[in-house]
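K.L.:
Structure supplied as query.txt; contents: compact mmCIF, C-alpha atoms.
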# COMPACT_ATOMS: atom_id res chain seq x y z
CA MET A 1 52.91 -35.47 3.25
CA ALA A 2 50.92 -34.15 0.33
CA VAL A 3 47.30 -33.28 1.07
CA ASP A 4 44.57 -33.13 -1.53
CA LYS A 5 43.34 -29.55 -1.93
CA ASN A 6 39.76 -30.78 -2.17
CA GLN A 7 40.05 -32.60 1.16
CA THR A 8 38.17 -30.96 4.02
CA PHE A 9 39.09 -30.50 7.68
CA PHE A 10 37.12 -29.54 10.78
CA CYS A 11 38.08 -26.49 12.85
CA GLU A 12 37.72 -27.27 16.54
CA LYS A 13 37.30 -23.58 17.42
CA CYS A 14 34.71 -22.20 14.99
CA HIS A 15 33.20 -25.70 14.39
CA ARG A 16 33.20 -25.37 10.63
CA THR A 17 34.37 -27.74 7.92
CA MET A 18 36.62 -26.13 5.32
CA ARG A 19 39.05 -26.97 2.53
CA ALA A 20 42.63 -27.98 3.26
CA ASP A 21 44.11 -24.65 2.16
CA GLU A 22 42.25 -22.94 5.04
CA PHE A 23 44.55 -24.72 7.53
CA TYR A 24 48.29 -24.31 8.16
CA ASN A 25 50.63 -27.26 7.59
CA SER A 26 52.64 -28.85 10.42
CA ASN A 27 55.86 -30.85 10.27
CA ASN A 28 54.99 -32.53 13.57
CA LEU A 29 53.31 -35.63 12.12
CA GLU A 30 53.30 -37.38 15.49
CA LYS A 31 50.89 -34.81 16.90
CA TYR A 32 49.14 -34.00 13.60
CA PRO A 33 49.12 -37.19 11.46
CA ASP A 34 47.27 -35.51 8.61
CA GLY A 35 49.80 -32.64 8.52
CA LYS A 36 47.23 -29.95 9.35
CA LEU A 37 46.65 -27.94 12.52
CA LYS A 38 43.33 -28.36 14.29
CA GLN A 39 42.30 -24.71 13.98
CA CYS A 40 41.72 -22.84 10.74
CA LYS A 41 43.94 -19.92 9.76
CA LYS A 42 41.51 -17.22 10.87
CA CYS A 43 40.88 -18.73 14.29
CA LEU A 44 44.58 -19.46 14.83
CA THR A 45 45.72 -15.90 14.03
CA LEU A 46 42.79 -14.04 15.56
CA HIS A 47 44.89 -12.59 18.41
CA VAL A 48 48.34 -12.55 16.75
CA ASP A 49 50.38 -9.36 17.15
CA ASN A 50 53.14 -9.34 14.53
CA TRP A 51 55.35 -7.18 16.78
CA ASN A 52 54.91 -9.37 19.90
CA PRO A 53 56.57 -12.83 19.64
CA ASP A 54 54.61 -14.10 22.66
CA THR A 55 51.46 -14.11 20.51
CA PHE A 56 52.78 -16.23 17.62
CA LEU A 57 55.73 -18.35 18.83
CA TRP A 58 53.34 -21.07 20.00
CA ILE A 59 51.98 -21.31 16.43
CA LEU A 60 55.49 -21.76 14.99
CA GLN A 61 56.08 -24.44 17.62
CA GLU A 62 52.88 -26.27 16.57
CA CYS A 63 53.89 -25.98 12.91
CA ASP A 64 57.35 -27.30 13.91
CA VAL A 65 59.32 -24.59 12.11
CA PRO A 66 62.21 -22.57 13.62
CA TYR A 67 61.89 -18.96 14.66
CA ILE A 68 64.49 -16.82 12.90
CA PRO A 69 64.03 -13.19 14.07
CA ASP A 70 65.95 -11.66 11.16
CA GLU A 71 63.72 -13.37 8.57
CA TRP A 72 60.58 -12.39 10.49
CA HIS A 73 61.68 -8.74 10.69
CA LYS A 74 62.47 -8.67 6.96
CA LEU A 75 58.87 -9.67 6.25
CA LEU A 76 57.64 -7.01 8.65
CA GLU A 77 59.63 -4.34 6.80
CA SER A 78 58.25 -5.51 3.44
CA TYR A 79 54.58 -6.06 4.23
CA ALA A 80 53.75 -4.37 7.54
CA LYS A 81 54.66 -0.73 7.01
CA ASP A 82 51.13 0.21 8.02
CA PRO A 83 50.26 -1.74 11.21
CA ASN A 84 46.55 -0.94 10.87
CA LYS A 85 46.25 -2.76 7.53
CA VAL A 86 48.07 -5.99 8.42
CA THR A 87 46.45 -8.95 10.16
CA GLY A 88 48.23 -11.77 11.99
CA MET A 89 47.72 -14.04 9.00
CA THR A 90 49.60 -11.63 6.69
CA ILE A 91 53.11 -12.15 8.08
CA LEU A 92 52.66 -15.61 9.58
CA GLY A 93 51.54 -17.16 6.30
CA ARG A 94 54.45 -15.65 4.39
CA TYR A 95 56.91 -16.74 7.08
CA LEU A 96 55.69 -20.35 6.97
CA SER A 97 56.01 -20.28 3.17
CA LYS A 98 59.58 -18.98 3.49
CA MET A 99 60.46 -21.81 5.86
CA ARG A 100 59.68 -24.26 3.04
CA LEU A 101 62.53 -22.87 0.93
CA LYS A 102 65.64 -24.98 0.34
CA GLN A 103 67.85 -23.16 2.87
CA PHE A 104 65.31 -23.57 5.72
CA LYS A 105 63.23 -26.68 4.97
CA ASP A 106 65.52 -29.07 6.94
CA TYR A 107 65.29 -27.04 10.16
CA ARG A 108 62.63 -27.63 12.84
CA TRP A 109 61.45 -25.87 15.97
CA LYS A 110 64.15 -27.59 18.05
CA ASP A 111 66.79 -25.87 15.90
CA THR A 112 65.63 -22.41 16.97
CA THR A 113 68.26 -22.09 19.72
CA PHE A 114 71.06 -23.25 17.39
CA LEU A 115 70.05 -20.80 14.65
CA GLN A 116 69.81 -18.02 17.22
CA GLU A 117 73.37 -18.73 18.40
CA LEU A 118 74.63 -18.54 14.81
CA ALA A 119 72.83 -15.24 14.29
CA ASP A 120 74.20 -13.85 17.59
CA ASN A 121 77.72 -14.84 16.58
CA ARG A 122 77.39 -13.03 13.23
CA THR A 123 75.99 -9.96 14.97
CA GLU A 124 78.81 -9.95 17.53
CA GLN A 125 81.53 -10.19 14.85
CA THR A 126 79.94 -7.42 12.80
CA MET A 127 79.63 -5.08 15.78
CA LYS A 128 83.25 -5.73 16.79
CA ARG A 129 84.46 -4.77 13.31
CA GLN A 130 82.41 -1.59 13.55
CA GLY A 131 84.05 -0.64 16.85
CA TYR A 132 81.25 -1.28 19.36
CA SER A 133 82.18 -1.96 22.98
CA ALA A 134 81.58 -5.30 24.73
CA ALA A 135 78.78 -3.76 26.83
CA GLU A 136 76.95 -2.45 23.74
CA ILE A 137 77.28 -5.83 22.03
CA ALA A 138 75.95 -7.67 25.10
CA GLN A 139 72.99 -5.29 25.37
CA THR A 140 72.07 -5.78 21.69
CA LEU A 141 72.26 -9.57 21.96
CA ASN A 142 70.12 -9.59 25.12
CA GLU A 143 67.43 -7.49 23.40
CA LYS A 144 67.22 -10.00 20.53
CA LYS A 145 67.43 -13.12 22.68
CA ILE A 146 64.40 -15.42 22.79
CA ILE A 147 64.13 -17.67 25.85
CA ILE A 148 62.25 -20.90 25.15
CA PRO A 149 60.73 -22.49 28.28
CA GLU A 150 61.32 -26.18 28.90
CA GLU A 151 57.64 -27.03 28.59
CA GLY A 152 57.42 -25.03 25.36
CA PHE A 153 54.98 -22.25 24.49
CA LYS A 154 51.26 -22.56 25.12
CA GLU A 155 48.37 -20.91 23.34
CA PRO A 156 47.68 -17.64 25.20
CA ILE A 157 44.33 -17.50 26.96
CA ILE A 158 42.38 -14.42 25.91
CA ALA A 159 39.97 -13.36 28.63
CA ALA A 160 36.48 -12.65 27.37
CA GLN A 161 35.21 -9.13 27.87
CA PRO A 162 32.42 -9.25 30.46
CA ASP A 163 30.56 -6.30 29.01
CA ALA A 164 30.53 -7.58 25.43
CA ILE A 165 27.10 -8.01 23.88
CA ASP A 166 26.38 -11.36 22.29
CA TYR A 167 23.82 -10.82 19.54
CA PHE A 168 23.51 -14.56 19.03
CA ASP A 169 22.45 -15.27 22.62
CA GLU A 170 18.90 -15.44 23.88
CA ILE A 171 17.10 -12.11 23.98
CA SER A 172 16.59 -10.34 27.27
CA GLY A 173 16.01 -6.92 28.80
CA GLU A 174 14.94 -4.14 26.44
CA ASP A 175 14.96 -6.43 23.40
CA SER A 176 12.55 -8.77 25.15
CA ALA A 177 10.23 -5.87 25.97
CA ILE A 178 10.27 -4.68 22.36
CA VAL A 179 9.49 -8.15 21.05
CA ASP A 180 6.63 -8.53 23.53
CA ASP A 181 5.04 -5.34 22.15
CA LEU A 182 4.92 -6.79 18.63
CA THR A 183 1.55 -8.05 17.50
CA ASP A 184 1.07 -11.12 15.35
CA GLU A 185 0.46 -8.84 12.37
CA ASP A 186 3.74 -7.00 13.06
CA LYS A 187 5.67 -10.25 13.26
CA THR A 188 4.12 -11.49 10.01
CA PHE A 189 4.94 -8.22 8.25
CA LEU A 190 8.53 -8.15 9.49
CA ARG A 191 9.12 -11.82 8.67
CA LEU A 192 7.89 -11.33 5.10
CA LYS A 193 9.93 -8.15 4.69
CA TRP A 194 13.24 -9.26 6.20
CA GLY A 195 13.14 -13.06 6.05
CA LYS A 196 13.10 -15.95 8.50
CA ALA A 197 16.87 -15.93 9.14
CA TYR A 198 16.57 -13.09 11.66
CA LYS A 199 15.33 -12.99 15.21
CA PRO A 200 12.45 -10.71 16.22
CA GLU A 201 14.77 -8.18 17.90
CA GLU A 202 16.85 -8.10 14.70
CA TRP A 203 13.72 -7.43 12.68
CA VAL A 204 13.05 -4.41 14.87
CA LYS A 205 16.59 -3.04 14.42
CA LEU A 206 16.44 -3.57 10.67
CA GLU A 207 13.10 -1.81 10.44
CA GLN A 208 14.29 1.12 12.57
CA LEU A 209 17.35 1.64 10.36
CA TYR A 210 15.19 1.25 7.25
CA GLN A 211 12.76 3.98 8.36
CA GLU A 212 15.61 6.32 9.31
CA MET A 213 17.18 5.85 5.86
CA MET A 214 13.81 6.46 4.19
CA GLN A 215 13.52 9.79 6.01
CA SER A 216 17.08 10.79 5.19
CA TYR A 217 17.22 9.93 1.48
CA ASP A 218 15.03 10.11 -1.59
CA ILE A 219 14.17 6.45 -2.29
CA GLN A 220 12.62 5.95 -5.72
CA GLY A 221 11.65 2.67 -7.35
CA ALA A 222 11.66 -0.97 -6.26
CA GLY A 223 15.34 -1.45 -7.18
CA HIS A 224 16.41 1.47 -5.02
CA GLU A 225 14.34 0.12 -2.14
CA ASP A 226 15.87 -3.34 -2.50
CA ILE A 227 19.38 -1.88 -2.29
CA LEU A 228 18.33 -0.05 0.87
CA LYS A 229 17.26 -3.36 2.44
CA LEU A 230 20.67 -4.85 1.64
CA VAL A 231 22.34 -1.81 3.21
CA CYS A 232 20.36 -2.32 6.41
CA LYS A 233 21.19 -6.04 6.58
CA THR A 234 24.89 -5.38 5.96
CA SER A 235 24.97 -2.72 8.67
CA LEU A 236 23.39 -5.10 11.17
CA LYS A 237 25.84 -7.91 10.36
CA ALA A 238 28.87 -5.58 10.55
CA ASN A 239 27.87 -4.46 14.05
CA GLN A 240 27.27 -8.03 15.19
CA LEU A 241 30.66 -9.24 13.91
CA LEU A 242 32.44 -6.36 15.61
CA ASP A 243 30.72 -7.09 18.90
CA ILE A 244 31.86 -10.73 18.92
CA GLY A 245 35.44 -9.80 17.95
CA ASP A 246 35.47 -11.02 14.34
CA VAL A 247 37.44 -8.11 12.89
CA ASP A 248 38.12 -9.76 9.52
CA GLY A 249 34.46 -10.52 8.95
CA ALA A 250 33.49 -7.00 10.01
CA GLN A 251 35.96 -5.51 7.54
CA LYS A 252 34.34 -7.46 4.69
CA MET A 253 30.89 -6.32 5.80
CA VAL A 254 32.03 -2.68 5.95
CA LYS A 255 33.44 -2.92 2.41
CA MET A 256 30.14 -4.39 1.20
CA TYR A 257 28.28 -1.62 3.04
CA ASP A 258 30.34 1.09 1.31
CA SER A 259 29.83 -0.59 -2.07
CA LEU A 260 26.06 -0.76 -1.58
CA MET A 261 25.90 2.87 -0.45
CA LYS A 262 27.71 3.92 -3.64
CA SER A 263 25.59 1.61 -5.79
CA GLY A 264 22.40 3.10 -4.35
CA LYS A 265 23.85 6.62 -4.62
CA PHE A 266 23.14 7.26 -0.96
CA THR A 267 25.30 10.38 -0.88
CA ALA A 268 25.10 13.67 0.97
CA ALA A 269 23.52 15.28 -2.10
CA GLN A 270 20.47 13.04 -1.63
CA ASN A 271 19.93 14.03 1.98
CA LYS A 272 16.43 15.49 2.33
CA GLY A 273 17.05 17.27 5.63
CA GLU A 274 15.53 20.72 5.90
CA ASN A 275 18.89 22.20 6.82
CA GLY A 276 20.71 20.56 3.94
CA GLU A 277 23.24 22.54 1.90
CA PHE A 278 22.40 20.99 -1.48
CA VAL A 279 20.03 22.11 -4.23
CA ASP A 280 18.09 19.29 -5.90
CA SER A 281 15.41 21.23 -7.85
CA ILE A 282 15.18 24.25 -10.16
CA SER A 283 12.62 25.91 -7.90
CA GLU A 284 15.12 26.03 -5.03
CA PHE A 285 17.71 27.51 -7.37
CA VAL A 286 15.29 30.23 -8.50
CA LEU A 287 14.41 30.97 -4.87
CA ILE A 288 18.09 31.44 -4.03
CA CYS A 289 18.53 33.82 -6.97
CA GLU A 290 15.52 35.88 -5.92
CA LYS A 291 16.79 36.16 -2.34
CA GLU A 292 20.50 36.67 -2.99
CA GLY A 293 20.27 38.56 -6.31
CA PHE A 294 21.48 37.69 -9.80
CA ILE A 295 25.04 37.70 -11.05
CA PRO A 296 25.54 40.58 -13.59
CA ARG A 297 26.29 39.45 -17.11
CA PHE A 298 28.98 42.09 -17.74
CA TYR A 299 31.74 43.26 -15.43
CA THR A 300 31.43 47.00 -14.68
CA ASP A 301 33.32 47.60 -11.42
CA GLN A 302 36.96 48.50 -10.93
CA PRO A 303 39.67 45.81 -11.18
CA ASN A 304 39.80 43.57 -8.13
CA ASP A 305 42.92 41.56 -8.83
CA ARG A 306 46.09 41.38 -10.93
CA VAL A 307 44.37 39.66 -13.84
CA ASP A 308 41.76 42.41 -14.19
CA GLU A 309 44.47 45.08 -14.04
CA THR A 310 46.49 43.29 -16.73
CA LEU A 311 43.46 43.03 -19.05
CA LEU A 312 42.68 46.71 -18.54
CA ASP A 313 46.29 47.70 -19.35
CA LEU A 314 46.21 45.61 -22.55
CA LYS A 315 42.97 47.31 -23.66
CA GLY A 316 44.45 50.78 -23.03
CA TYR A 317 47.66 49.95 -24.88
CA THR A 318 45.75 48.67 -27.92
CA ARG A 319 43.58 51.80 -28.02
CA SER A 320 46.56 54.19 -27.78
CA LEU A 321 48.41 52.21 -30.44
CA VAL A 322 45.52 52.54 -32.93
CA VAL A 323 44.45 56.12 -32.18
CA GLU A 324 47.67 57.92 -31.28
CA GLU A 325 50.33 56.17 -33.40
CA MET A 326 51.93 58.70 -35.88
CA ASN A 327 51.70 58.00 -39.66
CA LEU A 328 49.58 54.92 -38.94
CA GLY A 329 46.99 56.03 -41.52
CA ASN A 330 49.60 56.30 -44.32
CA LEU A 331 50.96 52.90 -43.44
CA ILE A 332 47.49 51.38 -43.60
CA GLU A 333 46.70 53.14 -46.92
CA SER A 334 50.00 52.01 -48.47
CA ALA A 335 49.41 48.47 -47.33
CA MET A 336 45.87 48.47 -48.77
CA LYS A 337 47.12 49.88 -52.11
CA LYS A 338 49.77 47.21 -52.35
CA MET A 339 47.18 44.56 -51.58
CA TYR A 340 44.96 45.96 -54.38
CA GLU A 341 47.82 45.83 -56.91
CA GLU A 342 48.60 42.28 -55.97
CA GLU A 343 44.95 41.31 -56.44
CA GLN A 344 44.85 42.97 -59.92
CA LYS A 345 48.03 41.19 -60.93
CA GLU A 346 46.61 37.87 -59.86
CA GLU A 347 43.41 38.54 -61.86
CA ASP A 348 45.44 39.30 -65.08
CA GLU A 349 47.40 36.12 -64.62
CA ASP A 350 44.19 34.19 -64.19
CA ILE A 351 42.79 35.65 -67.46
CA GLU A 352 45.92 34.68 -69.42
CA ASP A 353 45.77 31.20 -67.98
CA GLU A 354 42.18 30.82 -69.22
CA LEU A 355 43.06 31.59 -72.95
CA THR A 356 43.07 28.58 -75.29
CA LEU A 357 45.98 27.73 -77.60
CA ASP A 358 44.09 28.90 -80.73
CA GLU A 359 43.35 32.26 -79.09
CA VAL A 360 47.01 32.67 -78.24
CA GLU A 361 48.05 31.86 -81.89
CA GLN A 362 45.41 34.28 -83.21
CA LEU A 363 46.73 37.03 -80.98
CA LYS A 364 50.25 36.36 -82.26
CA ASP A 365 49.12 36.57 -85.98
CA GLU A 366 47.29 39.85 -85.37
CA ASP A 367 50.28 41.37 -83.63
CA PHE A 368 52.60 40.23 -86.48
CA GLY A 369 50.32 41.77 -89.15
CA GLU A 370 50.15 45.10 -87.33
CA TYR A 371 53.92 45.12 -87.05
CA THR A 372 54.32 44.47 -90.85
CA ASP A 373 51.94 47.32 -91.74
CA PHE A 374 53.88 49.59 -89.43
CA LEU A 375 57.16 48.75 -91.18
CA GLU A 376 55.64 49.43 -94.66
CA GLU A 377 54.31 52.81 -93.58
CA GLU A 378 57.72 53.73 -92.17
CA GLU A 379 59.41 52.73 -95.47
CA ILE A 380 56.99 54.82 -97.58
CA ALA A 381 57.50 57.82 -95.33
CA ASP A 382 61.28 57.50 -95.68
CA GLU A 383 61.08 57.37 -99.49
CA GLU A 384 58.92 60.53 -99.62
CA LEU A 385 61.32 62.33 -97.31
CA LEU A 386 64.32 61.36 -99.48
CA LYS A 387 62.52 62.49 -102.69
CA GLN A 388 61.73 65.88 -101.20
CA MET A 389 65.34 66.34 -100.13
CA GLU A 390 66.53 65.59 -103.70
CA GLU A 391 64.12 68.03 -105.23
CA GLY A 392 65.30 70.68 -102.84
CA GLN A 393 62.04 71.11 -101.22
CA ILE A 394 63.65 70.51 -97.82
Please, can you express the file's structure as structure tokens?
P.N.:
Amino acid sequence: MAVDKNQTFFCEKCHRTMRADEFYNSNNLEKYPDGKLKQCKKCLTLHVDNWNPDTFLWILQECDVPYIPDEWHKLLESYAKDPNKVTGMTILGRYLSKMRLKQFKDYRWKDTTFLQELADNRTEQTMKRQGYSAAEIAQTLNEKKIIIPEEGFKEPIIAAQPDAIDYFDEISGEDSAIVDDLTDEDKTFLRLKWGKAYKPEEWVKLEQLYQEMMQSYDIQGAGHEDILKLVCKTSLKANQLLDIGDVDGAQKMVKMYDSLMKSGKFTAAQNKGENGEFVDSISEFVLICEKEGFIPRFYTDQPNDRVDETLLDLKGYTRSLVVEEMNLGNLIESAMKKMYEEEQKEEDEDIEDELTLDEVEQLKDEDFGEYTDFLEEEEIADEELLKQMEEGQI
């Protein structure tokens, strides 16, 4: 039977009205005509131990779904590797969802014994093929066997702890004495500071925690003070929920407490204790330097580790290479001379590149004229030499 998600149901245990998705479905429509159990999910799974079938088989019976150990253990392997982080609702909810799949949806609680016999038969055949003896097979099947009583399973009765403190009960004892000592002015002040939703003894606890936090941390500004008030309220609620056994609610309060502490930057560095190990002002830093001495700017002592020795060896090698290397001066001089020649060559090339086309043509004409004059002078000199030879002068 489909149920509207916006429809609400009443939990007979916590006496709260909640949406339909806060309740588990049941196939037993004769007992639950609306298809929902009478307790919400949190109340129903409050004392469920995922590793102890006695704590959850009665819930499967009320939901009218079969118990298949192999499917339950598969979910445990997938989601419950860390037992401290898994609640009863974690595995139970996923198991009930799995029972709605096509291969399981037609089975009911009454089919549990039949399904167990099929599983035992498969286990027996597998162990026989693997060579196990009859005694080993019988022992394994007995360990997995679930005996269903004729009257069915009943919700386990959890005995209340006699020494548990109920913060929501009437005040008595020391709390009563503290409240009696409060004057009308004190009550007015605390009511305005913490609100009307708290009892007088809760006002006192909130105020005590508030004053302790004020002495431990540097509270600055109205916003910082408001966060501190929220921290105190969250701490009080977390303790109250733990004392009444609401572990899920306490976990949420603890997460909120941690978030508020980080938001307000209430860290160890803010602790104002006289014996604190943190420096929060320049004057304290200067005082430490004056007492302990200053760190030298340059390192002057002998090497203390491998790194210092390596650096010292590199410095010595570089010095010996520069000072003691033979013919190093000639090599440096030759390299510098070559560098100078290269620079001069580059300058000449730059000058030629800067000449215009007309200048280049003019240089060519001048060179050609000088060459022509040189040829004429050579020709005249040859004629005079030939004339002298003919006249016998040479």
K.L.:
Point out the residue among A:Leu260, A:Tyr132, A:Ile91, A:Lys205 with the least atom-to-atom distance to A:Val48, counting only C-alpha atoms.
P.N.:
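Among the listed residues, A:Ile91 lies closest to A:Val48.
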K.L.:
Write out as a ChimeraX atom specification which residues come within 6 Å of stretch 230-244 of chain A when counting all atoms listed in the file, dropping same-chain ones fewer than 4 positions away.
P.N.:
/A:206,250,253,257
K.L.:
Have a look at A:Met261, A:Leu190, A:Cys11, A:Ile59 and name the one nearest to A:Gln208; count only C-alpha atoms.
P.N.:
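Checking each candidate against A:Gln208, we get A:Leu190 as the closest.
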K.L.:
Applying 12 Å and all atoms listed in the file, which residues near A:Phe266 remain after dropping the ones on its own chain fewer than 3 positions away? List them as a PDB file with C-alpha atoms, in the coordinates of the input.
P.N.:
ATOM      1  CA  MET A 213      17.180   5.850   5.860  1.00  0.00           C
ATOM      2  CA  MET A 214      13.810   6.460   4.190  1.00  0.00           C
ATOM      3  CA  SER A 216      17.080  10.790   5.190  1.00  0.00           C
ATOM      4  CA  TYR A 217      17.220   9.930   1.480  1.00  0.00           C
ATOM      5  CA  ASP A 218      15.030  10.110  -1.590  1.00  0.00           C
ATOM      6  CA  ILE A 219      14.170   6.450  -2.290  1.00  0.00           C
ATOM      7  CA  GLN A 220      12.620   5.950  -5.720  1.00  0.00           C
ATOM      8  CA  HIS A 224      16.410   1.470  -5.020  1.00  0.00           C
ATOM      9  CA  GLU A 225      14.340   0.120  -2.140  1.00  0.00           C
ATOM     10  CA  ILE A 227      19.380  -1.880  -2.290  1.00  0.00           C
ATOM     11  CA  LEU A 228      18.330  -0.050   0.870  1.00  0.00           C
ATOM     12  CA  VAL A 231      22.340  -1.810   3.210  1.00  0.00           C
ATOM     13  CA  TYR A 257      28.280  -1.620   3.040  1.00  0.00           C
ATOM     14  CA  ASP A 258      30.340   1.090   1.310  1.00  0.00           C
ATOM     15  CA  SER A 259      29.830  -0.590  -2.070  1.00  0.00           C
ATOM     16  CA  LEU A 260      26.060  -0.760  -1.580  1.00  0.00           C
ATOM     17  CA  MET A 261      25.900   2.870  -0.450  1.00  0.00           C
ATOM     18  CA  LYS A 262      27.710   3.920  -3.640  1.00  0.00           C
ATOM     19  CA  SER A 263      25.590   1.610  -5.790  1.00  0.00           C
ATOM     20  CA  ALA A 269      23.520  15.280  -2.100  1.00  0.00           C
ATOM     21  CA  GLN A 270      20.470  13.040  -1.630  1.00  0.00           C
ATOM     22  CA  ASN A 271      19.930  14.030   1.980  1.00  0.00           C
ATOM     23  CA  LYS A 272      16.430  15.490   2.330  1.00  0.00           C
TER      24      LYS A 272
END
K.L.:
Could you build a table of the residues in stretch 22-110 of chain A lying no more than 12 Å from stretch 141-146 of chain A, giving for each the nearest pair of atoms and their separation in Å rounded to one decimal place, using all atoms listed in the file, ordered by chain and ascending residue number, as JSON lines?
P.N.:
{"residue": "A:Asn52", "atom": "CA", "partner": "A:Ile146", "partner_atom": "CA", "distance": 11.6}
{"residue": "A:Pro53", "atom": "CA", "partner": "A:Ile146", "partner_atom": "CA", "distance": 8.8}
{"residue": "A:Asp54", "atom": "CA", "partner": "A:Ile146", "partner_atom": "CA", "distance": 9.9}
{"residue": "A:Leu57", "atom": "CA", "partner": "A:Ile146", "partner_atom": "CA", "distance": 10.0}
{"residue": "A:Pro66", "atom": "CA", "partner": "A:Ile146", "partner_atom": "CA", "distance": 11.8}
{"residue": "A:Tyr67", "atom": "CA", "partner": "A:Ile146", "partner_atom": "CA", "distance": 9.2}
{"residue": "A:Ile68", "atom": "CA", "partner": "A:Ile146", "partner_atom": "CA", "distance": 10.0}
{"residue": "A:Pro69", "atom": "CA", "partner": "A:Lys144", "partner_atom": "CA", "distance": 7.9}
{"residue": "A:Asp70", "atom": "CA", "partner": "A:Lys144", "partner_atom": "CA", "distance": 9.6}
{"residue": "A:His73", "atom": "CA", "partner": "A:Lys144", "partner_atom": "CA", "distance": 11.4}
K.L.:
Measure the distance from atom CA of A:Leu96 to atom CA of A:Pro149 in Å and round it to one decimal.
P.N.:
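Separation of atom CA of A:Leu96 and atom CA of A:Pro149: 22.0 Å.
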